[in-house]
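Chemist: I have a structure I would like to understand better, so I am pasting it below and will then ask my questions one at a time.
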Amino acid sequence: MGLLQEQQVVSVTDLSELLQVSLVTVRKDLQSLENEGKLIRTFGGAASCAIEHREQRRLSAMQRIADRVAQEVRDGDCIIMNAGNTTLLTARNLLHLKYLKVITNSVSIARELSKKDGFQLIFLGGEMSSEAVFTHGAEAIGQLEQYKANKLILSASGISFNRGLTTRHMEAAALFQKMIARSKEIIVVVDDTKIGFESFYYVDGLQVVNRIVTNASESSEEELRRMEQMGIEICRC
């Protein structure tokens with residue numbers, strides 16, 4: 001907690017090395033501290049409750065997006081979810097359902113949903129990311145060939161009218177492309193800071209996107225209207 005107060009954010013990997021305990025122990029402790037209201041869990045780590053206003057606003061936006069997109073999922077659906085903060089928050093909102101088939105490359109999502117009776121969870125194998133938070137590579141891509149999903153809930157690093165979907169993770173781009181190819185409906189979940197933003201690695205064009213779920217923000221409206229004119233459904237939370 002002292003380190004979190006000093007740095008505002010911490011990673012699971014760094015805490016594991018610093019405290020000489022396993023990644024599993026760190027994640028369990030962070031979950032307990034979040035339950036006590038002492039910190040906010042994030043993708044791959046935790047953030048201070050006293051984090052600056054901008055990040056508090058962003059976390060609130062991600063939660064609203066997660067609440068909204070979770071309403072799109074029905075009992076009996078087969079969905080694919082990639083690793084990300086918003087998709088993790090969405091996964092936590094699905095636990096009220098009775099039966100669901102979930103395919104994911106996210107360690108956090110797999111951990112959250114594995115405890116739920118009635119869910120069929122498929123965790124994609126393959127190489128593990130350096131932060132030990134998601135899988136990728138040829139094995140994960142090949143495994144996806146076996147499945148066909150009703151919906152893909154995709155968290156992206158950026159989405160823009162000019163460049164489409166992008167990610168900051170080079171190793172994840174090809175896997176995202178296969179997730180898109182194996183899904184009937186593509187739902188992109190991004191907060192307003194990612195609208196109009198172009199990350200480094202190209203994933204796919206906007207023509208593959210059926211729906212974007214994002215938070216309402218004047219800063220992203222012009223870009224969203226251009227996407228709507230293409231026929232993409234925009235859900236503003």
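Here, A, B, ... name the chains of the structure tokens in the order displayed, residue numbers run from 1 inside each chain, and ligands are numbered from 1 in the same displayed order.
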Could you pull the residues within 10 Å of Leu39 in chain A, counting only C-alpha atoms, minus those fewer than 4 positions along the same chain, as a PyMOL selection string?

Modeler: chain A and resi 1+4-5+8-9+30-35+46-51

Chemist: Need the shell around Cys237 in chain A: protein/DNA/RNA residues with any atom at most 8 Å away, counting only C-alpha atoms. Skip same-chain ones fewer than 5 positions apart. Format as a list in words?

Modeler: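 Contacts, with the query itself left out: Ala61, Arg64, Ile65, Arg68, Val213, Thr214, Asn215 and Ala216 of chain A.
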
Chemist: Could you give me, as a tab-separated table, a per-residue list for range 183-220 of chain A showing, wherever an atom lies at most 12 Å from an atom of range 129-148 of chain A, the closest pair of atoms and their distance in Å to one decimal, using only C-alpha atoms and sorting by chain then residue number from low to high?

Modeler:
```
residue	atom	partner	partner_atom	distance
A:Ser183	CA	A:Lys148	CA	5.8
A:Lys184	CA	A:Lys148	CA	7.7
A:Glu185	CA	A:Lys148	CA	10.7
```

Chemist: Please save N, CA, C and O atoms of the selected residues as a compact mmCIF listing (two decimals), in the first residue's frame.

Modeler:
```
# COMPACT_ATOMS: atom_id res chain seq x y z
N SER A 183 -15.91 -14.84 -35.45
CA SER A 183 -17.07 -14.31 -34.72
C SER A 183 -18.10 -13.73 -35.69
O SER A 183 -17.75 -13.10 -36.68
N LYS A 184 -19.36 -13.93 -35.34
CA LYS A 184 -20.46 -13.44 -36.17
C LYS A 184 -20.66 -11.94 -35.99
O LYS A 184 -20.93 -11.21 -36.95
N GLU A 185 -20.55 -11.45 -34.76
CA GLU A 185 -20.77 -10.03 -34.46
C GLU A 185 -19.56 -9.49 -33.71
O GLU A 185 -19.12 -10.08 -32.73
```

Chemist: Mind checking which residues fall within 8 Å of Glu233 in chain A, counting only C-alpha atoms, ignoring those fewer than 3 positions away in the same chain, and posting them as a ChimeraX atom specification?

Modeler: /A:210-212,228

Chemist: Which residues, written as an NGL selection string, have at least one atom at most 8 Å from Ser157 in chain A, with only C-alpha atoms counted and residues fewer than 6 positions away on the same chain left out?

Modeler: :A and (165-168 or 190 or 194 or 197-199)

Chemist: So how many Å separate CA of Ile195 in chain A and CA of Gln63 in chain A, to one decimal?

Modeler: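 Straight-line distance from CA of Ile195 in chain A to CA of Gln63 in chain A works out to 16.7 Å.
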
Chemist: Which residues are near Gln120 in chain A? Cut-off 7 Å, only C-alpha atoms, ignore same chain within fewer than 3 positions. Put them as JSON, numbers by chain.

Modeler: {"A": [100, 101, 102]}

Chemist: Taking only C-alpha atoms into account, which of A:Leu113, A:Ala91, A:Leu175, A:Ile122 comes nearest Val73 in chain A?

Modeler: A:Ala91

Chemist: Could you check the closest approach to Tyr99 in chain A for each of A:Asn82, A:Glu223, A:Glu112, A:Leu121 and tell me which residue wins, using only C-alpha atoms?

Modeler: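 Nearest candidate to Tyr99 in chain A out of A:Asn82, A:Glu223, A:Glu112, A:Leu121: A:Leu121.
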
Chemist: Excluding range 10-19 of chain A and any residue of its chain fewer than 2 positions from it, enumerate the residues within 6 Å of it, using only C-alpha atoms, and give them as a VMD selection string.

Modeler: chain A and resid 21 to 23 44 to 46

Chemist: Please save N, CA and C atoms of the selected residues as a CSV table (one decimal), in the first residue's frame.

Modeler:
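Output below, filename part.csv:
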```
chain,number,residue,atom,x,y,z
A,21,VAL,N,6.8,-13.4,-3.7
A,21,VAL,CA,5.7,-14.3,-3.6
A,21,VAL,C,5.2,-14.6,-5.0
A,22,SER,N,4.3,-15.6,-5.1
A,22,SER,CA,3.8,-16.0,-6.4
A,22,SER,C,2.9,-14.9,-7.0
A,23,LEU,N,2.7,-15.0,-8.3
A,23,LEU,CA,1.7,-14.1,-9.0
A,23,LEU,C,0.3,-14.4,-8.5
A,44,GLY,N,-3.5,-6.2,-15.2
A,44,GLY,CA,-2.1,-6.5,-14.9
A,44,GLY,C,-1.6,-5.9,-13.6
A,45,GLY,N,-2.4,-5.3,-12.8
A,45,GLY,CA,-1.9,-4.7,-11.6
A,45,GLY,C,-3.0,-4.0,-10.8
A,46,ALA,N,-2.7,-2.9,-10.2
A,46,ALA,CA,-3.7,-2.1,-9.4
A,46,ALA,C,-3.3,-0.6,-9.4
```

Chemist: Would you please work out which residue, of A:His96, A:Asp29, A:Ile103, A:Asp77, is nearest to Asp117 in chain A when using only C-alpha atoms?

Modeler: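 Answer, going by the shortest atom-to-atom distance: A:His96.
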
Chemist: According to DSSP computed on the backbone, where in range 26-123 of chain A is there helix (DSSP H, G or I)? Give the residues as a VMD selection string.

Modeler: chain A and resid 26 to 35 53 to 70 85 to 92 107 to 114

Chemist: Write out as number ranges by chain all residues of range 63-203 of chain A that backbone DSSP assigns to strand (DSSP E or B).

Modeler: A: 78-81, 100-104, 106, 119-123, 127-128, 134-136, 149-155, 158-160, 164-167, 183-189, 195, 201-203

Chemist: Of the candidates A:Gly196, A:Arg236, A:Gly205, A:Arg27, which shows the shortest atom-to-atom distance to Ser219 in chain A, using only C-alpha atoms?

Modeler: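 Of A:Gly196, A:Arg236, A:Gly205, A:Arg27, the one nearest Ser219 in chain A, counting only C-alpha atoms, is A:Gly196.
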
Chemist: Using only C-alpha atoms, pick whichever of A:Lys28, A:Gln56, A:Gly231, A:Gly37 has the shortest atom-to-atom distance to Arg111 in chain A.

Modeler: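 Among A:Lys28, A:Gln56, A:Gly231, A:Gly37, it is A:Lys28 that comes nearest to Arg111 in chain A.
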
Chemist: Of the residues A:Val26, A:Glu171, A:Ser106, A:Asp191, which is the one nearest to Ser60 in chain A, using only C-alpha atoms?

Modeler: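 Ranked by minimum distance to Ser60 in chain A, first place goes to A:Asp191.
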
Chemist: Tell me, in Å to one decimal, how far CA of Val209 in chain A is from CA of Gln229 in chain A.

Modeler: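 One can read the CA of Val209 in chain A to CA of Gln229 in chain A distance as 12.9 Å.
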